[in-house]
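*Asks:* Pasting a structure here, questions to come.
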Amino acid sequence: MVVRKTGPATAWLGTVVRLGLAVVWGWAGLAKISDPAEAAQAVRAYEILPEALVKPVGYALPFLELALAVLLVVGLGVRLVAAVSALLLLAFVAGIASAWARGISIDCGCFGGGGAVDASQTEYLQEILRDTGFLLMAGWLLWRPRTELSLDGRLAN
């Protein structure tokens with residue numbers, strides 16, 4: 001593995017990006033964890049997964065999001081967490097785009113809620129652009145995982 005040397009400004013920028021992405025995952029996970037049935041309904045609304053996977057995915061997703069948030073806050077396994085984040089965000093973008101293309105009117109359920117809505121209430125473009133921004137944050141951490149105030153940094157010394 002190649003370790004890139006970074007200057008202090010780059011490392012601090014990475015810290016801001018890491019903590020920003022942690023807030024996103026924490027917010028998403030906390031919004032869903034109190035109502036797992038609603039989270040499963042949001043997954044079901046996409047009409048992508050077989051019914052046998054809807055509950056397991058809906059119930060597990062908030063825990064995965066919270067785990068990613070915690071790991072990003074402490075800065076442990078930043079590159080791996082960024083890779084998992086990127087894959088998850090790509091899946092979210094693909095799911096939203098799929099619902100949009102198939103004419104399914106849903107709220108994404110990204111930060112709680114979710115499910116069928118009136119066609120006038122869909123915000124697919126904004127949701128895709130938002131998740132693309134989060135994907136860019138994950139990409140930055142894949143490229144520059146060394147950040148200030150992280151366990152990775154402590155363990156590397």
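Naming scheme: A, B, ... for chains in displayed order of the structure tokens; residues 1 onward per chain; ligands 1 onward as shown.
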With the cut-off set at 9 Å and counting only C-alpha atoms, tabulate each residue of range 28-130 of chain A with an atom at most that distance from an atom of range 12-18 of chain A, showing the nearest atom pair and its distance in Å to one decimal, ordered by chain and increasing number, as JSON lines.
*Replies:*
```
{"residue": "A:Leu72", "atom": "CA", "partner": "A:Arg18", "partner_atom": "CA", "distance": 5.9}
{"residue": "A:Val73", "atom": "CA", "partner": "A:Arg18", "partner_atom": "CA", "distance": 7.2}
{"residue": "A:Gly75", "atom": "CA", "partner": "A:Arg18", "partner_atom": "CA", "distance": 7.7}
{"residue": "A:Val78", "atom": "CA", "partner": "A:Arg18", "partner_atom": "CA", "distance": 8.0}
{"residue": "A:Ala82", "atom": "CA", "partner": "A:Arg18", "partner_atom": "CA", "distance": 8.8}
```
*Asks:* Just the selected residues (C-alpha atoms), exported as a short mmCIF file (atom, residue, chain, number, x, y, z; two decimals), in the first residue's frame, please.
*Replies:*
```
data_model
loop_
_atom_site.label_atom_id
_atom_site.label_comp_id
_atom_site.auth_asym_id
_atom_site.auth_seq_id
_atom_site.Cartn_x
_atom_site.Cartn_y
_atom_site.Cartn_z
CA LEU A 72 -15.40 8.02 10.80
CA VAL A 73 -15.67 10.06 14.00
CA GLY A 75 -10.91 7.90 12.33
CA VAL A 78 -10.89 5.50 7.11
CA ALA A 82 -14.78 5.41 2.67
#
```
*Asks:* Compile the contact shell of range 26-35 of chain A as a list of chain:residue names: residues with an atom at most 9 Å away, counting only C-alpha atoms, same-chain residues fewer than 4 positions apart removed.
*Replies:*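 Near range 26-35 of chain A, the qualifying residues are A:Leu21, A:Ala22, A:Ala39, A:Ala40, A:Gly58, A:Tyr59, A:Ala60, A:Leu61, A:Pro62, A:Phe63, A:Leu64, A:Glu65, A:Leu66, A:Ala67, A:Leu68, A:Ala69, A:Val70, A:Gly109, A:Cys110, A:Phe111, A:Gly112, A:Gly113.
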*Asks:* Which residue gives the smallest distance to Tyr124 in chain A among A:Leu76, A:Ile96, A:Ile104, A:Leu149, with only C-alpha atoms counted?
*Replies:* A:Ile96
*Asks:* Rank nothing, just name the residue among A:Gly103, A:Gly153, A:Gly139, A:Gly133 nearest to Tyr46 in chain A, using only C-alpha atoms.
*Replies:*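 Selected residue with least distance to Tyr46 in chain A: A:Gly103.
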*Asks:* When DSSP is applied to the backbone of this structure, which of range 9-145 of chain A are assigned alpha helix (DSSP H)? Write them out as a PyMOL selection string.
*Replies:* chain A and resi 9-33+36-45+51-74+78-101+124-143
*Asks:* May I have all residues of chain A that DSSP, computed from the backbone, assigns to strand (DSSP E or B), given as a PyMOL selection string?
*Replies:* chain A and resi 106-107+110+112+115-116
*Asks:* Quick check, in Å to one decimal: how far apart do CA of Val93 in chain A and CA of Glu127 in chain A lie?
*Replies:* 7.9 Å
*Asks:* Do a neighbour search on Ala156 in chain A at 12 Å with only C-alpha atoms, toss out local chain neighbours closer than 2 positions, and write the hits as a VMD selection string.
*Replies:* chain A and resid 3 75 to 77 146 to 147 150 to 154
*Asks:* Can you write out the residues you just picked, keeping N, CA and C atoms, as a PDB file, in the first residue's frame?
*Replies:*
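Written file, result-v8.pdb:
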```
ATOM      1  N   VAL A   3       1.578   5.012   0.903  1.00  0.00           N
ATOM      2  CA  VAL A   3       1.165   6.040   1.851  1.00  0.00           C
ATOM      3  C   VAL A   3       1.588   7.379   1.275  1.00  0.00           C
ATOM      4  N   GLY A  75     -11.955   7.970  13.348  1.00  0.00           N
ATOM      5  CA  GLY A  75     -10.907   7.898  12.330  1.00  0.00           C
ATOM      6  C   GLY A  75     -10.218   6.551  12.269  1.00  0.00           C
ATOM      7  N   LEU A  76     -10.986   5.493  12.364  1.00  0.00           N
ATOM      8  CA  LEU A  76     -10.425   4.142  12.320  1.00  0.00           C
ATOM      9  C   LEU A  76     -10.850   3.453  11.030  1.00  0.00           C
ATOM     10  N   GLY A  77      -9.870   2.973  10.265  1.00  0.00           N
ATOM     11  CA  GLY A  77     -10.152   2.300   9.005  1.00  0.00           C
ATOM     12  C   GLY A  77     -10.770   3.237   7.983  1.00  0.00           C
ATOM     13  N   ARG A 146      -5.528   9.826   5.294  1.00  0.00           N
ATOM     14  CA  ARG A 146      -4.822  10.325   6.478  1.00  0.00           C
ATOM     15  C   ARG A 146      -5.373  11.687   6.867  1.00  0.00           C
ATOM     16  N   THR A 147      -5.929  11.754   8.075  1.00  0.00           N
ATOM     17  CA  THR A 147      -6.513  12.992   8.553  1.00  0.00           C
ATOM     18  C   THR A 147      -6.031  13.261   9.972  1.00  0.00           C
ATOM     19  N   SER A 150      -7.222  11.357  14.263  1.00  0.00           N
ATOM     20  CA  SER A 150      -7.766  10.043  13.922  1.00  0.00           C
ATOM     21  C   SER A 150      -6.974   8.930  14.592  1.00  0.00           C
ATOM     22  N   LEU A 151      -7.664   7.832  14.867  1.00  0.00           N
ATOM     23  CA  LEU A 151      -6.970   6.660  15.401  1.00  0.00           C
ATOM     24  C   LEU A 151      -6.010   6.082  14.372  1.00  0.00           C
ATOM     25  N   ASP A 152      -6.368   6.153  13.107  1.00  0.00           N
ATOM     26  CA  ASP A 152      -5.449   5.675  12.072  1.00  0.00           C
ATOM     27  C   ASP A 152      -4.098   6.384  12.189  1.00  0.00           C
ATOM     28  N   GLY A 153      -4.131   7.695  12.384  1.00  0.00           N
ATOM     29  CA  GLY A 153      -2.900   8.467  12.527  1.00  0.00           C
ATOM     30  C   GLY A 153      -2.112   8.074  13.768  1.00  0.00           C
ATOM     31  N   ARG A 154      -2.815   7.856  14.852  1.00  0.00           N
ATOM     32  CA  ARG A 154      -2.158   7.435  16.105  1.00  0.00           C
ATOM     33  C   ARG A 154      -1.519   6.067  15.939  1.00  0.00           C
TER      34      ARG A 154
END
```
*Asks:* In Å to one decimal, how far is CA of Ile106 in chain A from CA of Glu51 in chain A?
*Replies:*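 Separation of CA of Glu51 in chain A and CA of Ile106 in chain A: 17.4 Å.
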*Asks:* Enter the distance from CA of Ala52 in chain A to CA of Phe92 in chain A, in Å, rounded to one decimal.
*Replies:*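 It comes out at 19.4 Å.
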